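Peer 1: Structure supplied as input.txt; contents: compact mmCIF, C-alpha atoms and all ligand atoms.
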```
# COMPACT_ATOMS: atom_id res chain seq x y z
CA MET A 106 -120.02 -33.35 -39.06
CA SER A 107 -120.72 -32.43 -35.48
CA GLU A 108 -122.03 -35.02 -33.03
CA LEU A 109 -125.63 -36.09 -33.40
CA PHE A 110 -126.78 -35.35 -29.90
CA GLU A 111 -128.83 -32.79 -28.05
CA ASP A 112 -128.55 -32.14 -24.34
CA GLY A 113 -130.59 -32.99 -21.30
CA ASN A 114 -132.67 -29.85 -21.73
CA ALA A 115 -134.49 -31.81 -24.42
CA LEU A 116 -135.67 -34.25 -21.71
CA ALA A 117 -137.72 -31.59 -19.95
CA GLY A 118 -140.90 -32.20 -21.95
CA PRO A 119 -140.83 -36.01 -22.03
CA ALA A 120 -139.91 -36.21 -18.31
CA GLY A 121 -142.53 -33.58 -17.50
CA GLU A 122 -145.15 -36.13 -18.50
CA ILE A 123 -143.99 -38.31 -15.62
CA PHE A 124 -142.67 -36.02 -12.88
CA ALA A 125 -144.33 -33.06 -11.24
CA VAL A 126 -140.91 -31.44 -10.74
CA ASP A 127 -138.43 -30.38 -13.39
CA ILE A 128 -135.79 -33.11 -13.43
CA THR A 129 -133.46 -31.30 -15.85
CA SER A 130 -132.22 -29.25 -12.89
CA ALA A 131 -131.66 -32.40 -10.82
CA THR A 132 -128.09 -33.62 -10.30
CA THR A 133 -127.45 -37.12 -11.51
CA ARG A 134 -124.52 -39.29 -10.46
CA CYS A 135 -123.13 -41.71 -13.02
CA VAL A 136 -122.79 -45.32 -11.85
CA SER A 137 -119.81 -46.06 -14.05
CA CYS A 138 -117.54 -43.06 -13.34
CA GLY A 139 -119.14 -41.33 -10.36
CA ARG A 140 -119.36 -37.98 -12.10
CA ALA A 141 -122.19 -35.68 -11.01
CA ASP A 142 -123.91 -33.49 -13.59
CA ALA A 143 -127.14 -31.63 -14.07
CA VAL A 144 -129.53 -33.84 -16.05
CA ALA A 145 -129.64 -30.86 -18.44
CA ALA A 146 -125.95 -31.41 -19.21
CA LEU A 147 -126.26 -35.06 -20.27
CA ARG A 148 -125.88 -35.99 -23.94
CA VAL A 149 -129.19 -37.06 -25.36
CA TYR A 150 -129.52 -39.27 -28.41
CA ARG A 151 -132.87 -39.85 -30.05
CA HIS A 152 -133.27 -43.51 -30.84
CA ALA A 153 -136.89 -43.71 -31.87
CA PRO A 154 -139.12 -44.31 -30.01
CA GLY A 155 -136.92 -43.39 -27.06
CA LEU A 156 -134.34 -41.03 -25.64
CA VAL A 157 -130.96 -42.22 -24.42
CA ALA A 158 -128.94 -39.94 -22.13
CA ARG A 159 -125.21 -40.51 -21.77
CA CYS A 160 -122.66 -39.25 -19.24
CA PRO A 161 -120.54 -36.40 -20.67
CA GLY A 162 -117.59 -37.77 -18.71
CA CYS A 163 -117.45 -41.46 -19.66
CA ASP A 164 -120.20 -41.83 -22.26
CA ALA A 165 -122.01 -44.54 -20.26
CA VAL A 166 -125.80 -44.63 -20.58
CA VAL A 167 -127.20 -42.88 -17.52
CA LEU A 168 -130.89 -42.80 -18.32
CA LYS A 169 -133.30 -44.12 -20.94
CA LEU A 170 -136.83 -42.93 -21.52
CA VAL A 171 -139.21 -44.58 -23.93
CA ARG A 172 -142.76 -43.41 -24.45
CA GLY A 173 -145.12 -46.11 -25.67
CA ARG A 174 -148.74 -45.85 -26.59
CA ASP A 175 -150.09 -46.40 -23.09
CA ALA A 176 -147.02 -46.21 -20.86
CA ALA A 177 -143.66 -44.60 -20.35
CA TRP A 178 -140.61 -46.73 -19.56
CA LEU A 179 -137.79 -45.16 -17.58
CA ASP A 180 -134.50 -47.01 -17.12
CA LEU A 181 -132.19 -45.52 -14.47
CA THR A 182 -129.73 -48.43 -14.25
CA GLY A 183 -126.81 -46.09 -15.02
CA THR A 184 -127.77 -43.55 -12.36
CA SER A 185 -126.69 -44.06 -8.76
CA SER A 186 -128.65 -41.07 -7.46
CA LEU A 187 -130.74 -38.11 -8.51
CA ARG A 188 -130.64 -34.99 -6.34
CA ILE A 189 -133.75 -32.96 -7.02
CA PRO A 190 -133.94 -29.32 -5.89
CA LEU A 191 -137.21 -28.79 -4.04
CA PRO A 192 -138.39 -25.60 -2.41
CA GLU A 193 -139.24 -25.98 1.28
CA GLY A 194 -142.74 -27.43 1.34
CA MET B 296 -140.40 -25.73 -9.89
CA VAL B 297 -143.30 -27.89 -8.82
CA ARG B 298 -146.34 -28.08 -11.03
CA GLY B 299 -149.00 -30.48 -12.18
CA ARG B 300 -148.33 -33.27 -14.62
CA LEU B 301 -147.55 -31.88 -18.02
CA ALA B 302 -150.25 -32.18 -20.63
CA TRP B 303 -150.75 -31.18 -24.23
CA ARG B 304 -152.81 -28.11 -24.98
CA VAL B 305 -153.88 -26.49 -28.21
CA GLY B 306 -152.47 -23.16 -29.31
CA ARG B 307 -153.42 -21.12 -32.31
CA LEU B 308 -151.16 -19.06 -34.53
CA ALA B 309 -152.03 -15.40 -33.95
CA GLU B 310 -149.29 -13.52 -35.75
CA VAL B 311 -146.10 -14.10 -37.73
CA ARG B 312 -142.99 -11.93 -38.12
CA ASP B 313 -140.20 -12.76 -40.52
CA GLU B 314 -136.86 -12.32 -38.77
CA THR B 315 -134.58 -13.31 -41.67
CA PRO B 316 -135.19 -14.99 -45.03
CA THR B 317 -135.05 -18.35 -43.21
CA ALA B 318 -136.41 -17.64 -39.74
CA ARG B 319 -139.86 -16.68 -38.61
CA THR B 320 -141.31 -15.68 -35.27
CA LEU B 321 -144.63 -17.34 -34.48
CA VAL B 322 -146.88 -15.70 -31.91
CA LEU B 323 -149.28 -18.27 -30.47
CA ASP B 324 -152.44 -17.80 -28.48
CA VAL B 325 -152.52 -20.45 -25.76
CA PRO B 326 -155.60 -20.18 -23.53
CA GLY B 327 -154.70 -20.66 -19.88
CA TRP B 328 -150.95 -20.27 -20.40
CA PRO B 329 -149.41 -20.41 -16.89
CA GLY B 330 -146.44 -18.08 -17.59
CA HIS B 331 -142.76 -19.01 -17.90
CA LEU B 332 -139.17 -18.06 -17.19
CA ALA B 333 -136.67 -16.82 -19.76
CA GLY B 334 -134.82 -19.81 -21.19
CA GLN B 335 -137.70 -22.28 -20.94
CA HIS B 336 -139.08 -24.02 -24.00
CA VAL B 337 -142.14 -25.77 -25.37
CA ASP B 338 -142.59 -29.05 -27.22
CA LEU B 339 -144.74 -28.79 -30.35
CA ARG B 340 -146.54 -31.85 -31.67
CA LEU B 341 -147.77 -32.30 -35.22
CA THR B 342 -150.09 -35.09 -36.32
CA ALA B 343 -150.43 -36.07 -39.98
CA GLU B 344 -153.70 -37.22 -41.52
CA ASP B 345 -152.54 -40.84 -41.32
CA GLY B 346 -151.97 -40.47 -37.57
CA TYR B 347 -148.15 -40.16 -37.76
CA ARG B 348 -146.94 -37.87 -34.99
CA THR B 349 -143.76 -36.01 -34.39
CA THR B 350 -142.53 -33.64 -31.70
CA ARG B 351 -139.92 -30.86 -31.73
CA THR B 352 -138.67 -28.46 -29.08
CA TYR B 353 -138.66 -24.65 -29.44
CA SER B 354 -137.39 -22.05 -27.01
CA LEU B 355 -139.71 -19.31 -25.87
CA ALA B 356 -138.46 -16.06 -27.42
CA ALA B 357 -140.02 -13.53 -25.05
CA PRO B 358 -141.80 -13.20 -21.72
CA ALA B 359 -145.46 -14.18 -21.97
CA ASP B 360 -147.95 -11.49 -22.85
CA GLY B 361 -151.01 -12.87 -21.09
CA ASP B 362 -151.98 -15.97 -23.09
CA ARG B 363 -149.61 -15.06 -25.92
CA ILE B 364 -146.24 -16.70 -26.36
CA ALA B 365 -143.62 -16.37 -29.09
CA ILE B 366 -141.15 -18.79 -30.60
CA THR B 367 -138.71 -18.26 -33.48
CA VAL B 368 -138.12 -21.12 -35.88
CA GLN B 369 -135.24 -21.45 -38.28
CA ARG B 370 -135.97 -23.39 -41.46
CA VAL B 371 -133.67 -26.43 -41.65
CA PRO B 372 -133.50 -27.51 -45.30
CA GLY B 373 -134.94 -30.99 -45.68
CA GLY B 374 -136.33 -30.87 -42.16
CA GLU B 375 -139.61 -32.50 -41.26
CA VAL B 376 -141.10 -29.82 -39.02
CA SER B 377 -139.33 -26.47 -39.41
CA PRO B 378 -140.22 -25.96 -43.12
CA TYR B 379 -143.86 -26.57 -42.22
CA LEU B 380 -143.76 -24.10 -39.32
CA THR B 381 -141.99 -21.39 -41.32
CA GLU B 382 -143.74 -21.76 -44.66
CA VAL B 383 -147.10 -23.51 -44.34
CA PHE B 384 -148.44 -22.96 -40.80
CA ALA B 385 -150.86 -20.02 -41.17
CA VAL B 386 -152.57 -17.52 -38.87
CA GLY B 387 -155.58 -19.21 -37.27
CA ASP B 388 -154.12 -22.74 -37.57
CA PRO B 389 -154.00 -24.87 -34.39
CA VAL B 390 -150.98 -26.72 -33.01
CA GLU B 391 -150.56 -28.99 -30.00
CA LEU B 392 -147.97 -27.92 -27.49
CA ARG B 393 -146.83 -28.60 -23.95
CA GLY B 394 -144.88 -26.46 -21.58
CA PRO B 395 -143.28 -24.43 -20.34
CA VAL B 396 -140.54 -26.96 -19.62
CA GLY B 397 -136.91 -26.79 -18.57
CA GLY B 398 -135.78 -25.30 -15.28
CA TRP B 399 -132.00 -25.34 -15.63
CA PHE B 400 -131.17 -23.14 -18.62
CA VAL B 401 -133.11 -20.22 -17.16
CA TRP B 402 -132.27 -16.71 -16.06
CA ARG B 403 -134.15 -14.87 -13.32
CA PRO B 404 -134.29 -11.06 -13.48
CA THR B 405 -133.77 -10.93 -9.71
CA ALA B 406 -130.21 -12.26 -10.11
CA PRO B 407 -127.78 -9.32 -9.80
CA ASP B 408 -124.67 -11.08 -11.25
CA PRO B 409 -123.22 -10.06 -14.60
CA VAL B 410 -124.39 -12.24 -17.47
CA LEU B 411 -122.62 -13.41 -20.61
CA LEU B 412 -124.84 -14.68 -23.41
CA VAL B 413 -123.17 -16.53 -26.30
CA ALA B 414 -125.38 -17.35 -29.27
CA GLY B 415 -124.80 -19.20 -32.50
CA GLY B 416 -127.51 -18.77 -35.15
CA ALA B 417 -130.94 -19.73 -33.82
CA GLY B 418 -129.34 -20.07 -30.37
CA ILE B 419 -130.16 -16.39 -29.91
CA VAL B 420 -133.82 -17.28 -29.22
CA PRO B 421 -133.75 -18.17 -25.48
CA LEU B 422 -131.02 -15.57 -24.91
CA MET B 423 -133.26 -12.90 -26.45
CA ALA B 424 -135.96 -14.03 -24.02
CA MET B 425 -133.48 -13.25 -21.23
CA ILE B 426 -132.69 -9.80 -22.68
CA ARG B 427 -136.40 -9.05 -23.00
CA ALA B 428 -137.17 -10.35 -19.50
CA ARG B 429 -134.40 -8.14 -18.12
CA ARG B 430 -135.93 -5.10 -19.85
CA ALA B 431 -139.47 -5.97 -18.76
CA ALA B 432 -138.37 -6.36 -15.14
CA GLY B 433 -136.16 -3.26 -15.12
CA SER B 434 -133.22 -5.41 -14.00
CA ARG B 435 -129.83 -3.71 -13.70
CA ALA B 436 -127.82 -6.90 -14.15
CA PRO B 437 -125.11 -6.05 -16.70
CA VAL B 438 -125.42 -8.25 -19.77
CA LYS B 439 -123.03 -8.90 -22.65
CA LEU B 440 -124.21 -10.70 -25.74
CA LEU B 441 -121.79 -12.32 -28.18
CA TYR B 442 -123.69 -13.43 -31.26
CA SER B 443 -122.29 -15.48 -34.14
CA VAL B 444 -124.06 -15.28 -37.51
CA ARG B 445 -123.06 -16.10 -41.06
CA THR B 446 -123.96 -12.77 -42.69
CA PRO B 447 -125.65 -9.48 -41.72
CA ALA B 448 -128.92 -10.78 -43.17
CA ASP B 449 -128.91 -13.63 -40.63
CA VAL B 450 -129.23 -11.44 -37.52
CA TYR B 451 -132.51 -12.19 -35.69
CA TYR B 452 -134.26 -9.32 -33.90
CA ALA B 453 -131.84 -6.95 -35.68
CA GLY B 454 -133.75 -3.70 -35.09
CA GLU B 455 -134.27 -4.45 -31.43
CA LEU B 456 -130.64 -5.44 -30.84
CA ARG B 457 -129.37 -2.28 -32.55
CA ARG B 458 -131.29 0.02 -30.20
CA PRO B 459 -129.02 1.13 -27.37
CA GLU B 460 -130.04 -0.29 -24.00
CA PRO B 461 -128.31 0.65 -20.73
CA GLY B 462 -126.30 -2.24 -19.33
CA LEU B 463 -126.54 -4.35 -22.49
CA ASP B 464 -123.50 -4.75 -24.78
CA VAL B 465 -124.02 -6.51 -28.09
CA THR B 466 -121.14 -7.89 -30.17
CA VAL B 467 -121.88 -9.62 -33.45
CA VAL B 468 -119.28 -11.84 -35.14
CA TYR B 469 -119.77 -12.72 -38.81
CA THR B 470 -118.51 -16.06 -40.05
CA ARG B 471 -119.00 -15.67 -43.84
CA LYS B 472 -119.71 -12.08 -44.84
CA ALA B 473 -119.41 -8.94 -42.70
CA PRO B 474 -120.87 -5.46 -43.19
CA ALA B 475 -118.50 -3.01 -44.89
CA ASP B 476 -117.92 -1.01 -41.69
CA TRP B 477 -117.10 -4.06 -39.57
CA PRO B 478 -113.51 -4.17 -38.39
CA GLY B 479 -111.72 -7.38 -39.29
CA GLU B 480 -112.39 -10.36 -41.52
CA PRO B 481 -115.28 -12.82 -41.19
CA HIS B 482 -114.26 -15.66 -38.87
CA ARG B 483 -115.60 -18.18 -36.39
CA ILE B 484 -115.79 -16.95 -32.80
CA GLY B 485 -112.62 -17.86 -30.99
CA ILE B 486 -110.96 -17.37 -27.67
CA ALA B 487 -109.96 -13.77 -28.54
CA ASP B 488 -113.57 -12.76 -29.26
CA VAL B 489 -114.83 -14.28 -26.03
CA ASN B 490 -112.00 -12.65 -24.12
CA THR B 491 -112.74 -9.21 -25.60
CA ALA B 492 -116.54 -9.29 -25.61
CA GLY B 493 -117.10 -11.29 -22.41
CA TRP B 494 -116.48 -10.72 -18.71
CA PRO B 495 -113.23 -11.56 -16.95
CA ALA B 496 -113.63 -14.89 -15.14
CA GLU B 497 -112.98 -13.09 -11.80
CA PHE B 498 -116.34 -11.32 -12.21
CA ALA B 499 -117.97 -14.76 -11.91
CA PRO B 500 -120.69 -14.07 -14.50
CA GLN B 501 -123.49 -16.47 -15.23
CA CYS B 502 -122.75 -17.74 -18.74
CA PHE B 503 -125.42 -19.05 -21.09
CA VAL B 504 -124.34 -20.63 -24.37
CA CYS B 505 -126.86 -21.73 -26.98
CA GLY B 506 -126.74 -22.86 -30.58
CA PRO B 507 -125.88 -25.86 -32.73
CA THR B 508 -124.19 -28.71 -30.85
CA GLY B 509 -120.69 -28.15 -32.28
CA PHE B 510 -120.79 -24.42 -31.58
CA VAL B 511 -121.92 -24.97 -28.00
CA GLU B 512 -119.20 -27.55 -27.31
CA THR B 513 -116.50 -25.21 -28.61
CA MET B 514 -117.75 -22.16 -26.73
CA ALA B 515 -118.14 -24.03 -23.44
CA ASP B 516 -114.54 -25.26 -23.78
CA VAL B 517 -113.33 -21.72 -24.52
CA LEU B 518 -115.08 -20.31 -21.45
CA VAL B 519 -113.65 -22.99 -19.19
CA ALA B 520 -110.19 -22.44 -20.73
CA LEU B 521 -110.55 -18.73 -19.89
CA GLY B 522 -111.07 -19.67 -16.26
CA HIS B 523 -114.85 -19.64 -15.90
CA ASP B 524 -116.28 -22.07 -13.38
CA PRO B 525 -117.89 -24.90 -15.41
CA ARG B 526 -120.84 -24.80 -12.99
CA ARG B 527 -121.56 -21.23 -14.07
CA VAL B 528 -121.48 -22.10 -17.77
CA LYS B 529 -124.91 -23.34 -18.81
CA THR B 530 -125.41 -24.72 -22.28
CA GLU B 531 -128.30 -25.59 -24.52
CA ARG B 532 -127.74 -27.51 -27.74
CA PHE B 533 -130.21 -27.17 -30.57
CA GLY B 534 -129.03 -30.30 -32.34
CA PRO B 535 -126.80 -31.14 -35.26
CA SER B 536 -125.69 -28.57 -37.73
CA GLY B 537 -123.34 -28.28 -40.63
CA SER B 538 -122.75 -24.57 -40.11
C1 LIG C 601 -133.94 -27.51 -26.06
C2 LIG C 601 -134.06 -27.19 -27.55
C3 LIG C 601 -134.50 -25.94 -27.94
C4 LIG C 601 -134.63 -25.63 -29.32
N1 LIG C 601 -135.04 -24.35 -29.67
C5 LIG C 601 -135.13 -24.02 -30.98
C6 LIG C 601 -135.52 -22.70 -31.39
O1 LIG C 601 -135.80 -21.82 -30.55
N2 LIG C 601 -135.57 -22.41 -32.72
C7 LIG C 601 -135.26 -23.36 -33.67
O2 LIG C 601 -135.33 -23.04 -34.87
N3 LIG C 601 -134.89 -24.62 -33.32
C8 LIG C 601 -134.82 -24.98 -32.00
N4 LIG C 601 -134.46 -26.26 -31.65
C9 LIG C 601 -134.24 -27.25 -32.73
C10 LIG C 601 -135.60 -27.85 -33.13
O3 LIG C 601 -136.11 -28.60 -32.04
C11 LIG C 601 -135.53 -28.81 -34.34
O4 LIG C 601 -134.51 -29.73 -34.14
C12 LIG C 601 -135.29 -28.06 -35.64
O5 LIG C 601 -136.36 -27.16 -35.88
C13 LIG C 601 -135.17 -29.05 -36.82
O6 LIG C 601 -136.36 -29.82 -36.93
P1 LIG C 601 -136.86 -30.38 -38.35
O7 LIG C 601 -137.99 -31.30 -38.07
O8 LIG C 601 -137.08 -29.27 -39.31
O9 LIG C 601 -135.59 -31.20 -38.89
P2 LIG C 601 -135.36 -32.86 -38.79
O10 LIG C 601 -136.36 -33.46 -39.74
O11 LIG C 601 -135.44 -33.19 -37.35
O12 LIG C 601 -133.92 -32.93 -39.31
C14 LIG C 601 -133.58 -32.79 -40.71
C15 LIG C 601 -132.08 -32.73 -40.90
O13 LIG C 601 -131.56 -31.53 -40.30
C16 LIG C 601 -130.61 -31.84 -39.27
N5 LIG C 601 -130.96 -30.94 -38.14
C17 LIG C 601 -131.81 -31.19 -37.11
N6 LIG C 601 -131.89 -30.15 -36.27
C18 LIG C 601 -131.07 -29.20 -36.76
C19 LIG C 601 -130.73 -27.90 -36.33
N7 LIG C 601 -131.24 -27.35 -35.20
N8 LIG C 601 -129.86 -27.20 -37.09
C20 LIG C 601 -129.35 -27.74 -38.23
N9 LIG C 601 -129.62 -28.98 -38.66
C21 LIG C 601 -130.47 -29.71 -37.95
C22 LIG C 601 -130.84 -33.28 -38.92
O14 LIG C 601 -129.65 -33.92 -38.51
C23 LIG C 601 -131.32 -33.86 -40.24
O15 LIG C 601 -130.21 -34.18 -41.07
C24 LIG C 601 -134.32 -26.59 -30.30
C25 LIG C 601 -133.89 -27.86 -29.88
C26 LIG C 601 -133.76 -28.18 -28.54
C27 LIG C 601 -133.30 -29.56 -28.14
ZN ZN C 602 -119.84 -41.41 -16.29
```
Starting from the file, give its structure as structure tokens.
Peer 2:
Amino acid sequence: MSELFEDGNALAGPAGEIFAVDITSATTRCVSCGRADAVAALRVYRHAPGLVARCPGCDAVVLKLVRGRDAAWLDLTGTSSLRIPLPEG
Amino acid sequence: MVRGRLAWRVGRLAEVRDETPTARTLVLDVPGWPGHLAGQHVDLRLTAEDGYRTTRTYSLAAPADGDRIAITVQRVPGGEVSPYLTEVFAVGDPVELRGPVGGWFVWRPTAPDPVLLVAGGAGIVPLMAMIRARRAAGSRAPVKLLYSVRTPADVYYAGELRRPEPGLDVTVVYTRKAPADWPGEPHRIGIADVNTAGWPAEFAPQCFVCGPTGFVETMADVLVALGHDPRRVKTERFGPSGS
């Protein structure tokens, strides 16, 4: 019936293993169409053992995250930039 | 939000409350819990005897009470994890979890803007956390909740939502069977419901929409069609659903 995806909110835990900041509130820009979205608004598909996040505008893969036994593998080929909100430090 | 690298910790089931015949609130004791914002979630990890592991995400249902947190799980028939959590997991049992996580789908009680909460089924969970956080903080932000359920028996937190609360308007829409005194026929939430129960777009409310993927897509489209700024419409999808 409805599409088999979750949204970028589901990346918060897996990405939290890697980053000290929450990247779901970061703004990502899609390489293929230029659209900017919150990471939380991406469409996330679970392809075991990884997570594939697609652009809600053009459906291109923006980010892939695979957690292996002793490493995490993050592919950002589809992302031209990530803007991460950071409080003044 | 800057914090240390996220790690797994062990929580223990302290208390259960049945919300509906298919949904149960689990109160967990998590030593050293750092606190959280309304709308954040936790990942739960289960390990089978043969070492097989699986992880699922659950929204926090209420502000933390010291080291105590609450989630509400809906049993998905044939599901791997939710039938275990709602039927087998017993008081005293341990579970691995990590969190709180998620910094985007969150509401802060210091925000004065009007709020529209749109929930489908279990999507009420993080929105209830917002309602409870508002109460706990004594916030005056005016909140409207539009809640879609199949039947009256499917309303989570029913007693609490029925109690009048200044500045909180609750509208329930029934999709399959309505109470006898409900005006109208059971139907899926549409543009008219959102228009009547929500805020005019000119009020620039913060909108939070949560539920099954299809429900969330439809509601986000309706809000944007009604003139709401897409940047003020935040969504959280709980995954596939046939509802
Ligand atoms: C950010 C986030 C927050 C969430 N918060 C909550 C919460 O507060 N409470 C809660 O109950 N769930 C919540 N979920 C959903 C939860 O993570 C699980 O997906 C759900 O409990 C089903 O897991 P399962 O192992 O029982 O089913 P699976 O074994 O994963 O799936 C079994 C079958 O059910 C279908 N299915 C999967 N998920 C759902 C669903 N949510 N509804 C209907 N059918 C489904 C699958 O397509 C499959 O056919 C949340 C999900 C996300 C991404
Ligand atoms: Zn794109």
Peer 1: Please identify all protein, DNA and RNA residues within 6 Å of ligand LIG 601 (chain C), counting all atoms listed in the file, and report them as JSON, numbers by chain.
Peer 2: {"A": [111, 114, 115], "B": [351, 352, 353, 354, 367, 368, 369, 371, 373, 374, 375, 376, 377, 378, 417, 420, 532, 533, 534, 535, 536]}
Peer 1: Using all atoms listed in the file, which protein or nucleic acid residues come within 12 Å of Thr133 in chain A? Drop anything in the same chain fewer than 6 positions from it, and give the result as a ChimeraX atom specification.
Peer 2: /A:113,139-147,158-161,166-168,181-190
Peer 1: Select, from A:Gly118, A:Cys138, A:Val149, A:Asp180, the residue with the minimum atom-to-atom distance to ligand ZN 602 (chain C), counting only C-alpha atoms and all ligand atoms.
Peer 2: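 Ranked by minimum distance to ligand ZN 602 (chain C), first place goes to A:Cys138.
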Peer 1: Can you work out which one of A:Asp127, A:Asp175, A:Asp164, A:Glu122 has the shortest atom-to-atom distance to ligand ZN 602 (chain C), counting only C-alpha atoms and all ligand atoms?
Peer 2: A:Asp164
Peer 1: Would you mind listing, as a ChimeraX atom specification, all residues of chain A that have at least one atom within 6 Å of chain B, where all atoms listed in the file are what counts?
Peer 2: /A:107,109,111-112,117-118,121-122,125-126,130
Peer 1: Show which residues sit within 9 Å of Gly387 in chain B, as a list of chain:residue names. Count all atoms listed in the file, and ignore same-chain residues fewer than 2 positions away.
Peer 2: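 Everything that qualifies: B:Arg307, B:Leu308, B:Ala309, B:Glu310, B:Phe384, B:Ala385, B:Pro389.
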Peer 1: Quick one: pull the distance between CA of Pro461 in chain B and CA of Ala431 in chain B, Å, one decimal.
Peer 2: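 Between CA of Pro461 in chain B and CA of Ala431 in chain B the gap is 13.1 Å.
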Peer 1: My list of candidates is A:Leu156, A:Leu170, A:Trp178, A:Ser137. Which is closest to ligand ZN 602 (chain C) when distances are computed with all atoms listed in the file?
Peer 2: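 Smallest distance to ligand ZN 602 (chain C) is found for A:Ser137.
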Peer 1: Quick one: distance from CA of Pro409 in chain B to CA of Ala436 in chain B in Å, one decimal?
Peer 2: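 Pair CA of Pro409 in chain B / CA of Ala436 in chain B returns 5.6 Å.
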Peer 1: Under the rule that all atoms listed in the file are counted, which of A:Thr129, A:Leu116, A:Val136, A:Ile123 is the nearest residue to Ala165 in chain A?
Peer 2: A:Val136
Peer 1: What does the distance from CA of Val322 in chain B to CA of Ala424 in chain B come to in Å, to one decimal?
Peer 2: 13.6 Å
Peer 1: Using all atoms listed in the file, which of the listed residues (B:Ala428, B:Val450, B:Leu463, B:Ile366) sits closest to Leu321 in chain B?
Peer 2: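 For Leu321 in chain B, the nearest of the given residues is B:Ile366.
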Peer 1: For range 520-524 of chain B, please output as a PyMOL selection string all residues within 8 Å (counting all atoms listed in the file; exclusion window: fewer than 5 positions along the same chain).
Peer 2: chain B and resi 486+490+496-497+499
Peer 1: The selected residues should be written to file as a compact mmCIF listing (two decimals), in the coordinates of the input (atoms: C-alpha atoms).
Peer 2:
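Below you can see again.txt, which holds the result:
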```txt
# COMPACT_ATOMS: atom_id res chain seq x y z
CA ILE B 486 -110.96 -17.37 -27.67
CA ASN B 490 -112.00 -12.65 -24.12
CA ALA B 496 -113.63 -14.89 -15.14
CA GLU B 497 -112.98 -13.09 -11.80
CA ALA B 499 -117.97 -14.76 -11.91
```
Peer 1: Is it possible to get the axis-aligned box enclosing range 117-134 of chain A (all listed atoms, 4 Å extra per side) as AutoDock Vina command-line options, with centre and edge lengths in Å rounded to one decimal?
Peer 2:
```
--center_x -134.8 --center_y -34.3 --center_z -16.2 --size_x 28.6 --size_y 18.0 --size_z 19.7
```
Peer 1: Around (-133.6, -10.9, -13.6) in the file's frame, which residues reach within 9 Å when counting only C-alpha atoms? Return as a PDB file with C-alpha atoms, keeping the file's coordinate frame?
Peer 2:
```pdb
ATOM      1  CA  TRP B 402    -132.270 -16.710 -16.060  1.00  0.00           C
ATOM      2  CA  ARG B 403    -134.150 -14.870 -13.320  1.00  0.00           C
ATOM      3  CA  PRO B 404    -134.290 -11.060 -13.480  1.00  0.00           C
ATOM      4  CA  THR B 405    -133.770 -10.930  -9.710  1.00  0.00           C
ATOM      5  CA  ALA B 406    -130.210 -12.260 -10.110  1.00  0.00           C
ATOM      6  CA  PRO B 407    -127.780  -9.320  -9.800  1.00  0.00           C
ATOM      7  CA  MET B 425    -133.480 -13.250 -21.230  1.00  0.00           C
ATOM      8  CA  ALA B 428    -137.170 -10.350 -19.500  1.00  0.00           C
ATOM      9  CA  ARG B 429    -134.400  -8.140 -18.120  1.00  0.00           C
ATOM     10  CA  ARG B 430    -135.930  -5.100 -19.850  1.00  0.00           C
ATOM     11  CA  ALA B 432    -138.370  -6.360 -15.140  1.00  0.00           C
ATOM     12  CA  GLY B 433    -136.160  -3.260 -15.120  1.00  0.00           C
ATOM     13  CA  SER B 434    -133.220  -5.410 -14.000  1.00  0.00           C
ATOM     14  CA  ARG B 435    -129.830  -3.710 -13.700  1.00  0.00           C
ATOM     15  CA  ALA B 436    -127.820  -6.900 -14.150  1.00  0.00           C
TER      16      ALA B 436
END
```
Peer 1: Between A:Leu191, A:Val157, A:Leu179, A:Cys135, which residue has the minimum interatomic distance to ligand ZN 602 (chain C), considering all atoms listed in the file?
Peer 2: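 Selected residue with least distance to ligand ZN 602 (chain C): A:Cys135.
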